[in-house]
file protein-v3.csv (CSV, C-alpha atoms)
chain,number,residue,atom,x,y,z
A,1,MET,CA,-6.8,24.1,12.1
A,2,ALA,CA,-9.3,23.3,14.9
A,3,ASP,CA,-11.3,20.9,12.8
A,4,LYS,CA,-8.4,18.7,11.9
A,5,ARG,CA,-8.3,15.3,13.6
A,6,ASP,CA,-5.3,14.1,15.4
A,7,TYR,CA,-3.1,12.1,13.0
A,8,TYR,CA,-2.7,9.2,15.4
A,9,GLU,CA,-6.5,9.1,15.7
A,10,VAL,CA,-6.8,9.1,11.9
A,11,LEU,CA,-4.6,6.0,11.6
A,12,GLY,CA,-6.1,4.4,14.7
A,13,VAL,CA,-2.7,4.0,16.4
A,14,SER,CA,-1.2,5.1,19.7
A,15,LYS,CA,1.2,8.0,20.0
A,16,GLY,CA,4.0,5.5,20.8
A,17,ALA,CA,3.3,3.3,17.8
A,18,SER,CA,6.2,1.9,15.9
A,19,ASP,CA,7.0,2.6,12.3
A,20,ASP,CA,5.8,-0.8,11.3
A,21,GLU,CA,2.5,-0.4,13.2
A,22,ILE,CA,1.9,3.0,11.5
A,23,LYS,CA,2.7,1.6,8.1
A,24,LYS,CA,0.4,-1.4,8.6
A,25,ALA,CA,-2.5,0.8,9.8
A,26,TYR,CA,-2.0,3.1,6.8
A,27,ARG,CA,-2.0,0.3,4.3
A,28,LYS,CA,-5.2,-1.1,5.7
A,29,LEU,CA,-7.0,2.2,5.7
A,30,ALA,CA,-5.7,3.3,2.3
A,31,LYS,CA,-7.0,0.1,0.8
A,32,GLN,CA,-10.3,0.4,2.6
A,33,TYR,CA,-11.0,4.0,1.4
A,34,HIS,CA,-9.2,3.9,-2.0
A,35,PRO,CA,-11.3,5.8,-4.6
A,36,ASP,CA,-11.0,2.8,-7.1
A,37,LEU,CA,-12.7,0.6,-4.5
A,38,ASN,CA,-15.3,3.2,-3.6
A,39,PRO,CA,-16.3,4.9,-6.9
A,40,GLY,CA,-18.4,8.0,-6.4
A,41,ASN,CA,-18.1,7.8,-2.6
A,42,GLN,CA,-17.1,11.3,-1.6
A,43,GLU,CA,-16.9,10.4,2.1
A,44,ALA,CA,-14.4,7.6,1.3
A,45,GLU,CA,-12.4,10.0,-0.9
A,46,ALA,CA,-12.2,12.5,1.9
A,47,LYS,CA,-11.1,9.7,4.3
A,48,PHE,CA,-8.5,8.5,1.8
A,49,LYS,CA,-7.0,12.0,1.6
A,50,GLU,CA,-7.0,12.4,5.4
A,51,VAL,CA,-5.3,9.0,5.9
A,52,ASN,CA,-2.6,9.9,3.3
A,53,GLU,CA,-2.0,13.3,5.0
A,54,ALA,CA,-1.6,11.6,8.4
A,55,TYR,CA,0.8,9.0,7.0
A,56,GLU,CA,2.9,11.6,5.2
A,57,VAL,CA,3.7,13.2,8.5
A,58,LEU,CA,3.9,10.2,10.9
A,59,SER,CA,6.1,8.1,8.5
A,60,ASP,CA,8.7,10.8,8.4
A,61,SER,CA,10.8,10.9,11.7
A,62,ASP,CA,11.5,14.7,11.5
A,63,LYS,CA,7.9,15.7,10.7
A,64,ARG,CA,6.6,13.3,13.4
A,65,ALA,CA,8.9,14.8,16.0
A,66,ARG,CA,7.7,18.3,15.2
A,67,TYR,CA,4.1,17.1,15.2
A,68,ASP,CA,4.5,15.5,18.6
A,69,GLN,CA,5.9,18.7,19.9
A,70,PHE,CA,3.8,21.4,18.2
A,71,GLY,CA,0.8,19.5,16.8
A,72,HIS,CA,-0.5,20.4,13.3
A,73,ALA,CA,1.3,23.8,13.5
A,74,GLY,CA,4.6,22.1,13.4
A,75,VAL,CA,4.0,20.5,10.0
A,76,ASP,CA,1.4,22.7,8.2
A,77,PRO,CA,2.9,25.6,6.2
A,78,ASN,CA,-0.5,27.3,6.2
A,79,PHE,CA,-0.6,27.6,10.0
A,80,GLY,CA,-1.1,31.1,11.2
A,81,GLY,CA,-2.7,32.4,8.0
A,82,GLY,CA,-6.2,32.8,9.5
A,83,ALA,CA,-7.7,34.8,12.4
A,84,GLY,CA,-5.6,34.9,15.4
A,85,GLY,CA,-2.6,33.7,13.3
A,86,GLY,CA,1.0,34.7,13.5
A,87,ASN,CA,4.1,32.5,14.0
A,88,PRO,CA,3.7,30.5,17.2
A,89,PHE,CA,7.4,29.8,17.3
A,90,GLN,CA,8.6,33.4,17.4
A,91,GLY,CA,10.9,33.9,20.3
A,92,ALA,CA,11.3,30.1,20.7
A,93,GLY,CA,14.3,29.8,18.4
A,94,PHE,CA,12.2,28.0,15.7
A,95,ASP,CA,11.7,29.5,12.3
A,96,PHE,CA,8.6,29.2,10.1
A,97,THR,CA,10.8,28.7,7.0
A,98,ASP,CA,12.2,25.6,8.5
A,99,ILE,CA,8.7,24.2,9.0
A,100,PHE,CA,7.8,24.8,5.3
A,101,ASP,CA,11.1,23.4,4.0
A,102,SER,CA,10.8,20.3,6.1
A,103,PHE,CA,7.2,19.7,5.0
A,104,PHE,CA,8.2,19.9,1.4
A,105,GLY,CA,11.2,17.6,1.4
A,106,GLY,CA,12.8,17.7,4.8
A,107,PHE,CA,15.6,20.3,4.8
A,108,GLY,CA,15.9,22.8,7.7
A,109,GLY,CA,15.0,22.2,11.3
A,110,GLY,CA,17.9,24.2,12.6
A,111,SER,CA,20.4,21.3,12.4
A,112,ARG,CA,24.0,22.0,11.7
A,113,ARG,CA,25.2,21.6,8.1
A,114,ALA,CA,28.7,21.7,6.8
A,115,ASN,CA,27.7,23.3,3.6
A,116,PRO,CA,24.1,24.5,3.2
A,117,ASN,CA,24.5,25.0,-0.5
A,118,ALA,CA,25.7,21.4,-1.2
A,119,PRO,CA,23.4,19.3,-3.4
A,120,ARG,CA,20.8,17.3,-1.4
A,121,ARG,CA,18.6,14.4,-2.6
A,122,GLY,CA,14.9,15.0,-2.5
A,123,SER,CA,12.6,12.9,-0.3
A,124,ASP,CA,10.7,9.9,-1.5
A,125,THR,CA,6.9,10.1,-2.0
A,126,GLN,CA,4.2,7.5,-2.3
A,127,ALA,CA,1.0,6.6,-4.2
A,128,ASN,CA,-1.5,3.8,-4.2
A,129,LEU,CA,-2.6,1.6,-7.1
A,130,VAL,CA,-5.5,-0.9,-7.2
A,131,ILE,CA,-5.4,-3.6,-9.9
A,132,SER,CA,-7.4,-6.7,-10.7
A,133,PHE,CA,-6.4,-10.3,-9.9
A,134,GLU,CA,-5.8,-10.9,-13.6
A,135,GLU,CA,-3.7,-7.7,-14.0
A,136,ALA,CA,-1.5,-8.8,-11.1
A,137,ALA,CA,-1.1,-12.3,-12.6
A,138,LYS,CA,-0.4,-11.1,-16.2
A,139,GLY,CA,1.2,-7.7,-15.7
A,140,CYS,CA,-0.2,-4.4,-17.1
A,141,GLN,CA,0.5,-0.8,-17.9
A,142,LYS,CA,-1.1,1.7,-15.5
A,143,SER,CA,-1.3,5.5,-15.0
A,144,VAL,CA,-0.6,6.6,-11.5
A,145,THR,CA,-1.5,10.0,-10.2
A,146,TYR,CA,0.3,11.4,-7.1
A,147,HIS,CA,1.6,14.7,-5.6
A,148,GLN,CA,5.2,15.7,-6.2
A,149,ILE,CA,7.3,18.6,-4.9
A,150,GLU,CA,9.1,20.0,-7.9
A,151,THR,CA,11.5,22.8,-8.6
A,152,CYS,CA,9.6,26.1,-9.2
A,153,ALA,CA,9.6,26.8,-12.9
A,154,ASP,CA,9.5,30.6,-12.4
A,155,CYS,CA,12.6,31.0,-10.2
A,156,HIS,CA,14.3,27.7,-11.2
A,157,GLY,CA,14.6,26.8,-7.5
A,158,THR,CA,16.4,29.9,-6.3
A,159,GLY,CA,13.3,31.3,-4.5
A,160,ALA,CA,14.0,34.7,-5.8
A,161,ALA,CA,11.7,36.6,-8.2
A,162,ALA,CA,12.5,36.8,-11.9
A,163,GLY,CA,15.4,39.3,-12.6
A,164,THR,CA,16.8,38.9,-9.0
A,165,SER,CA,18.9,36.4,-7.3
A,166,PRO,CA,19.6,35.4,-3.7
A,167,LYS,CA,22.4,37.3,-1.9
A,168,SER,CA,25.1,35.7,0.2
A,169,CYS,CA,24.3,36.3,3.9
A,170,PRO,CA,26.8,38.8,5.2
A,171,ASN,CA,26.4,37.6,8.8
A,172,CYS,CA,27.8,34.1,8.1
A,173,GLY,CA,29.5,34.6,4.8
A,174,GLY,CA,27.2,32.2,3.1
A,175,THR,CA,28.1,29.2,5.3
A,176,GLY,CA,24.9,29.1,7.2
A,177,GLN,CA,26.7,28.9,10.5
A,178,VAL,CA,28.4,31.4,12.8
A,179,ARG,CA,31.2,30.9,15.2
A,180,ILE,CA,30.6,31.9,18.8
A,181,SER,CA,33.3,32.5,21.3
A,182,GLN,CA,32.7,32.1,25.0
A,183,ARG,CA,35.0,32.8,27.9
A,184,THR,CA,35.1,30.1,30.5
A,185,PRO,CA,37.3,29.3,33.5
A,186,PHE,CA,39.2,27.0,31.2
A,187,GLY,CA,39.8,29.6,28.5
A,188,VAL,CA,37.9,30.8,25.4
A,189,VAL,CA,35.7,28.1,24.0
A,190,GLN,CA,34.5,28.4,20.4
A,191,SER,CA,31.4,26.7,19.0
A,192,THR,CA,29.2,27.0,15.9
A,193,GLN,CA,25.5,27.5,15.6
A,194,THR,CA,23.0,28.1,12.9
A,195,CYS,CA,23.0,31.7,11.6
A,196,ASP,CA,19.9,33.4,12.8
A,197,ARG,CA,19.8,35.9,10.0
A,198,CYS,CA,19.5,33.4,7.1
A,199,ASN,CA,18.3,30.5,9.2
A,200,GLY,CA,21.1,28.3,8.1
A,201,SER,CA,20.6,28.7,4.3
A,202,GLY,CA,23.6,30.9,3.7
A,203,LYS,CA,21.5,33.1,1.5
A,204,LEU,CA,19.1,36.0,1.8
A,205,ILE,CA,16.2,36.5,-0.6
A,206,GLU,CA,15.2,40.2,-0.8
A,207,THR,CA,12.4,39.7,-3.4
A,208,PRO,CA,10.8,36.3,-3.0
A,209,CYS,CA,9.3,34.5,-6.0
A,210,LYS,CA,5.5,34.9,-5.8
A,211,THR,CA,4.8,31.4,-7.3
A,212,CYS,CA,6.6,29.5,-4.6
A,213,ASP,CA,6.7,32.2,-1.9
A,214,GLY,CA,10.4,32.1,-2.0
A,215,LYS,CA,10.8,28.4,-1.2
A,216,GLY,CA,12.1,27.4,-4.6
A,217,ARG,CA,9.7,24.4,-4.9
A,218,VAL,CA,6.0,23.9,-5.4
A,219,ARG,CA,3.6,21.0,-4.9
A,220,ARG,CA,2.0,19.6,-8.1
A,221,GLN,CA,-0.2,16.7,-9.1
A,222,LYS,CA,1.7,14.4,-11.5
A,223,THR,CA,0.8,11.4,-13.5
A,224,VAL,CA,3.3,8.7,-14.5
A,225,GLU,CA,2.9,5.6,-16.6
A,226,VAL,CA,4.3,2.5,-14.9
A,227,THR,CA,4.7,-1.1,-15.9
A,228,VAL,CA,3.3,-3.5,-13.4
A,229,PRO,CA,5.3,-6.8,-13.7
A,230,ALA,CA,3.5,-10.1,-14.0
A,231,GLY,CA,3.3,-11.9,-10.7
A,232,ILE,CA,3.1,-8.9,-8.4
A,233,ASP,CA,1.2,-9.6,-5.2
A,234,ASP,CA,-1.1,-7.7,-2.9
A,235,GLU,CA,0.7,-5.1,-0.7
A,236,GLN,CA,3.9,-5.2,-2.6
A,237,ILE,CA,5.7,-2.0,-3.6
A,238,LEU,CA,6.8,-0.7,-6.9
A,239,ASN,CA,9.7,1.7,-6.9
A,240,VAL,CA,10.0,4.3,-9.6
A,241,GLY,CA,13.4,6.0,-9.5
A,242,GLY,CA,13.7,9.7,-9.8
A,243,LYS,CA,9.9,10.4,-9.6
A,244,GLY,CA,9.9,11.6,-6.0
A,245,ASN,CA,10.3,15.1,-4.6
A,246,ALA,CA,12.8,17.5,-6.1
A,247,GLY,CA,16.2,17.8,-4.5
A,248,ALA,CA,17.9,21.0,-3.4
A,249,ASN,CA,20.8,22.8,-4.9
A,250,GLY,CA,20.9,20.6,-8.0
A,251,GLY,CA,20.5,17.4,-6.0
A,252,PRO,CA,18.6,14.4,-7.5
A,253,ASN,CA,15.0,13.7,-7.1
A,254,GLY,CA,13.8,11.1,-4.6
A,255,ASP,CA,11.9,8.0,-5.6
A,256,LEU,CA,8.2,7.2,-6.0
A,257,HIS,CA,6.9,4.2,-4.0
A,258,ILE,CA,3.7,2.7,-5.3
A,259,TYR,CA,1.8,0.6,-2.9
A,260,VAL,CA,-0.1,-2.1,-4.9
A,261,SER,CA,-3.5,-3.5,-3.8
A,262,VAL,CA,-5.0,-6.5,-5.6
A,263,ARG,CA,-8.8,-6.8,-5.8
A,264,PRO,CA,-10.1,-10.2,-4.6
A,265,HIS,CA,-11.3,-12.5,-7.3
A,266,PRO,CA,-14.8,-14.1,-7.2
A,267,ILE,CA,-13.4,-17.5,-8.1
A,268,PHE,CA,-9.7,-17.7,-7.8
A,269,GLU,CA,-7.5,-17.5,-4.7
A,270,ARG,CA,-3.8,-17.0,-4.8
A,271,ARG,CA,-1.4,-19.1,-2.6
A,272,GLY,CA,2.1,-18.2,-3.4
A,273,ASN,CA,2.3,-18.6,-7.2
A,274,ASP,CA,-0.4,-21.3,-7.3
A,275,VAL,CA,-4.1,-20.6,-8.0
A,276,TRP,CA,-6.8,-22.4,-6.2
A,277,CYS,CA,-10.5,-22.6,-6.9
A,278,GLU,CA,-13.5,-24.7,-5.9
A,279,MET,CA,-15.6,-26.4,-8.7
A,280,PRO,CA,-19.0,-27.9,-8.1
A,281,ILE,CA,-20.0,-31.0,-10.1
A,282,THR,CA,-23.1,-33.1,-10.0
A,283,PHE,CA,-23.6,-36.3,-8.1
A,284,THR,CA,-23.8,-38.2,-11.4
A,285,GLN,CA,-20.7,-36.6,-12.8
A,286,ALA,CA,-18.8,-37.6,-9.6
A,287,ALA,CA,-20.1,-41.2,-9.7
A,288,LEU,CA,-19.8,-41.9,-13.4
A,289,GLY,CA,-17.0,-39.5,-14.4
A,290,ALA,CA,-17.4,-36.7,-16.9
A,291,ASP,CA,-15.6,-34.2,-19.1
A,292,VAL,CA,-15.9,-30.8,-17.4
A,293,VAL,CA,-14.9,-27.2,-18.4
A,294,VAL,CA,-12.6,-25.6,-15.9
A,295,PRO,CA,-11.9,-21.8,-15.8
A,296,THR,CA,-8.2,-20.7,-15.6
A,297,LEU,CA,-6.3,-17.4,-16.0
A,298,ASP,CA,-5.7,-18.5,-19.6
A,299,GLY,CA,-9.3,-19.2,-20.4
A,300,LYS,CA,-11.4,-22.3,-20.2
A,301,VAL,CA,-9.8,-25.8,-20.4
A,302,SER,CA,-11.3,-29.3,-20.5
A,303,TYR,CA,-10.6,-31.8,-17.8
A,304,HIS,CA,-11.9,-35.4,-17.3
A,305,VAL,CA,-13.2,-36.0,-13.8
A,306,HIS,CA,-12.6,-39.7,-13.1
A,307,GLU,CA,-15.3,-42.1,-12.0
A,308,GLY,CA,-15.9,-42.2,-8.3
A,309,THR,CA,-14.6,-38.7,-7.5
A,310,GLN,CA,-15.2,-37.8,-3.9
A,311,PRO,CA,-16.1,-34.4,-2.3
A,312,GLY,CA,-12.9,-32.5,-1.5
A,313,ASP,CA,-10.8,-34.3,-4.1
A,314,VAL,CA,-8.2,-32.0,-5.7
A,315,PHE,CA,-6.8,-32.2,-9.1
A,316,LYS,CA,-3.9,-30.1,-10.6
A,317,LEU,CA,-3.6,-28.2,-13.8
A,318,LYS,CA,0.2,-27.9,-14.3
A,319,GLY,CA,1.5,-24.5,-15.3
A,320,LYS,CA,-1.8,-22.7,-15.1
A,321,GLY,CA,-0.9,-20.7,-12.0
A,322,ILE,CA,0.9,-17.3,-11.7
A,323,GLN,CA,4.3,-16.4,-13.1
A,324,SER,CA,6.9,-15.8,-10.5
A,325,LEU,CA,7.8,-12.1,-10.1
A,326,HIS,CA,10.7,-11.2,-12.4
A,327,GLY,CA,11.1,-14.9,-13.2
A,328,ARG,CA,10.1,-17.5,-15.9
A,329,SER,CA,8.7,-20.2,-13.8
A,330,ARG,CA,5.0,-20.5,-13.3
A,331,GLY,CA,2.8,-22.0,-10.6
A,332,ASP,CA,0.0,-24.5,-11.0
A,333,GLN,CA,-3.8,-24.4,-10.6
A,334,PHE,CA,-5.4,-26.6,-8.0
A,335,VAL,CA,-9.1,-27.4,-8.4
A,336,GLN,CA,-11.0,-28.7,-5.4
A,337,VAL,CA,-14.2,-30.7,-6.2
A,338,THR,CA,-17.4,-30.1,-4.4
A,339,VAL,CA,-20.2,-32.6,-5.1
A,340,GLU,CA,-23.6,-30.9,-5.2
A,341,VAL,CA,-26.4,-33.1,-3.7
A,342,PRO,CA,-29.5,-32.5,-5.8
A,343,LYS,CA,-32.5,-30.8,-4.2
A,344,ASN,CA,-36.1,-30.2,-5.1
A,345,LEU,CA,-36.4,-33.7,-6.6
A,346,ASN,CA,-39.7,-34.7,-8.3
A,347,LYS,CA,-41.4,-38.0,-7.7
A,348,ARG,CA,-39.7,-39.8,-10.6
A,349,GLN,CA,-36.2,-38.6,-9.6
A,350,LYS,CA,-36.8,-39.8,-6.0
A,351,GLU,CA,-37.9,-43.2,-7.3
A,352,LEU,CA,-34.8,-43.5,-9.4
A,353,LEU,CA,-32.5,-42.6,-6.5
A,354,SER,CA,-34.3,-45.1,-4.3
A,355,GLU,CA,-33.8,-47.8,-6.9
A,356,LEU,CA,-30.1,-46.9,-7.0
A,357,ASP,CA,-29.8,-47.1,-3.3
A,358,SER,CA,-31.6,-50.5,-3.2
A,359,ALA,CA,-29.3,-51.9,-5.8
A,360,SER,CA,-26.1,-50.6,-4.0
A,361,ASP,CA,-24.1,-52.5,-1.4
A,362,ASP,CA,-21.0,-52.0,0.7
A,363,LYS,CA,-18.6,-52.2,-2.2
A,364,ASN,CA,-20.1,-49.0,-3.6
A,365,TYR,CA,-19.6,-47.1,-0.4
A,366,GLN,CA,-16.1,-47.9,1.0
A,367,LYS,CA,-16.0,-45.1,3.5
A,368,ARG,CA,-19.4,-46.0,4.9
A,369,LYS,CA,-18.3,-49.6,5.2
A,370,SER,CA,-15.1,-48.6,7.0
A,371,PHE,CA,-17.0,-46.3,9.4
A,372,PHE,CA,-19.5,-48.9,10.6
A,373,SER,CA,-16.8,-51.6,10.8
A,374,LYS,CA,-14.8,-49.3,13.2
A,375,LEU,CA,-18.0,-48.5,15.1
A,376,LYS,CA,-18.7,-52.2,15.5
A,377,ASP,CA,-15.2,-52.9,16.8
A,378,LEU,CA,-15.6,-50.0,19.3
A,379,PHE,CA,-18.8,-51.3,20.8
A,380,GLU,CA,-17.6,-54.9,20.9
A,381,ASP,CA,-14.6,-53.7,23.0

call {"tool": "encode", "arguments": {"input": "protein-v3.csv", "output": "structure tokens"}}
result
Amino acid sequence: MADKRDYYEVLGVSKGASDDEIKKAYRKLAKQYHPDLNPGNQEAEAKFKEVNEAYEVLSDSDKRARYDQFGHAGVDPNFGGGAGGGNPFQGAGFDFTDIFDSFFGGFGGGSRRANPNAPRRGSDTQANLVISFEEAAKGCQKSVTYHQIETCADCHGTGAAAGTSPKSCPNCGGTGQVRISQRTPFGVVQSTQTCDRCNGSGKLIETPCKTCDGKGRVRRQKTVEVTVPAGIDDEQILNVGGKGNAGANGGPNGDLHIYVSVRPHPIFERRGNDVWCEMPITFTQAALGADVVVPTLDGKVSYHVHEGTQPGDVFKLKGKGIQSLHGRSRGDQFVQVTVEVPKNLNKRQKELLSELDSASDDKNYQKRKSFFSKLKDLFED
């Protein structure tokens, strides 16, 4: 436990950081250390796991509150298993079972519950997915691996070993709460509190299941196939219903939230649903006009650059952009021209350019003519 870094330090945020600040810091670091962007880098993989562990706690209000109060011991079910262990909450009205349950889905914590055996929905979980620019534009099928809390297959969620079953707590009659009567100057006042014998579960497990240690749920690595829709953008979230953590008492599973990261493209840049790129052409092509080949998401297309094209001119390829998410419309592609000035000219090439310059006049260079005309007016004033 001593070698674990503070979760706030891992994410690079202050202890008083807002939920949005924590989420933003997580997204940045998860993308930076994602294994798909750092193949074979074990240090990055370790950082990625550390960042996910920190976010899993700090993004959950209940876990974060316990972490702020008790540190790693408040959220780690393995705390106390080593030398000098033991339950640090004994005698403080805090039960180790509640810590474990909250870590794996957020149940306990000693809060009052009208019916501890009522079905409860499982918590949501998350995963990260890195895709290419083209996959984001066109859509794709991907396998996503993540960790899910699922119902224990050996005890079917009861927490009791095979051949046994939980017993109703005789102290609270299976309600999970006991009624306390206190005599006051105003009469007898009755209140309810969590049963300290069953810790609010309403049940007692005499022979715990060895697979899940009596918790009824286990943490497993799962893989799910997802359809990434065409037009999805960087940092958007895919929701997969029912693939989150298992519920309790027959309650439904939570959802899986997949955070999508799109790799930058070496040529294309996305602006909304439009695609932009820069395309170099030669001085001669710009001056005389030419048919050029332009790369697009659909492959190469031909385009005629008109005579006298200037550096920075932009032309549009209609409908060659990105499809709108869950829609039929499609953006355009904009190509900005850069005119490359020739270098490393030989003697003959220099002579030809000199002849061209000598044969040119102001009508060939309108911008130059306008500039010097304004300059002349300025000095005359």

call {"tool": "atom_distance", "arguments": {"input": "protein-v3.csv", "atom1": "CA of Glu307 (chain A)", "atom2": "CA of Val341 (chain A)"}}
result
16.5 Å

call {"tool": "atom_distance", "arguments": {"input": "protein-v3.csv", "atom1": "CA of Asn239 (chain A)", "atom2": "CA of Lys23 (chain A)"}}
result
16.6 Å

call {"tool": "residues_around", "arguments": {"input": "protein-v3.csv", "residues": "Ser324 (chain A)", "least_positions_apart": "5", "cutoff": "10 Å", "atoms": "only C-alpha atoms", "output": "PyMOL selection string"}}
result
chain A and resi 137+229-233+272-274+329-331

call {"tool": "atom_distance", "arguments": {"input": "protein-v3.csv", "atom1": "CA of Arg271 (chain A)", "atom2": "CA of Ser132 (chain A)"}}
result
16.0 Å

call {"tool": "residues_around", "arguments": {"input": "protein-v3.csv", "residues": "region 155-160 of chain A", "least_positions_apart": "5", "cutoff": "12 Å", "atoms": "all atoms listed in the file", "output": "PyMOL selection string"}}
result
chain A and resi 101+117+149-150+165-167+201+203-218+246-251

call {"tool": "closest_residue", "arguments": {"input": "protein-v3.csv", "among": "A:Asn344, A:Gln126, A:Ser143, A:Gln193", "to": "Asp255 (chain A)", "atoms": "all atoms listed in the file"}}
result
A:Gln126

call {"tool": "residues_around", "arguments": {"input": "protein-v3.csv", "residues": "region 3-11 of chain A", "least_positions_apart": "3", "cutoff": "9 Å", "atoms": "all atoms listed in the file", "output": "ChimeraX atom specification"}}
result
/A:14-15,17,22,25-26,29,47,50-51,53-55,57-58,71-72

call {"tool": "closest_residue", "arguments": {"input": "protein-v3.csv", "among": "A:Asp361, A:Glu135, A:Asp298, A:Glu235", "to": "Tyr259 (chain A)", "atoms": "only C-alpha atoms"}}
result
A:Glu235
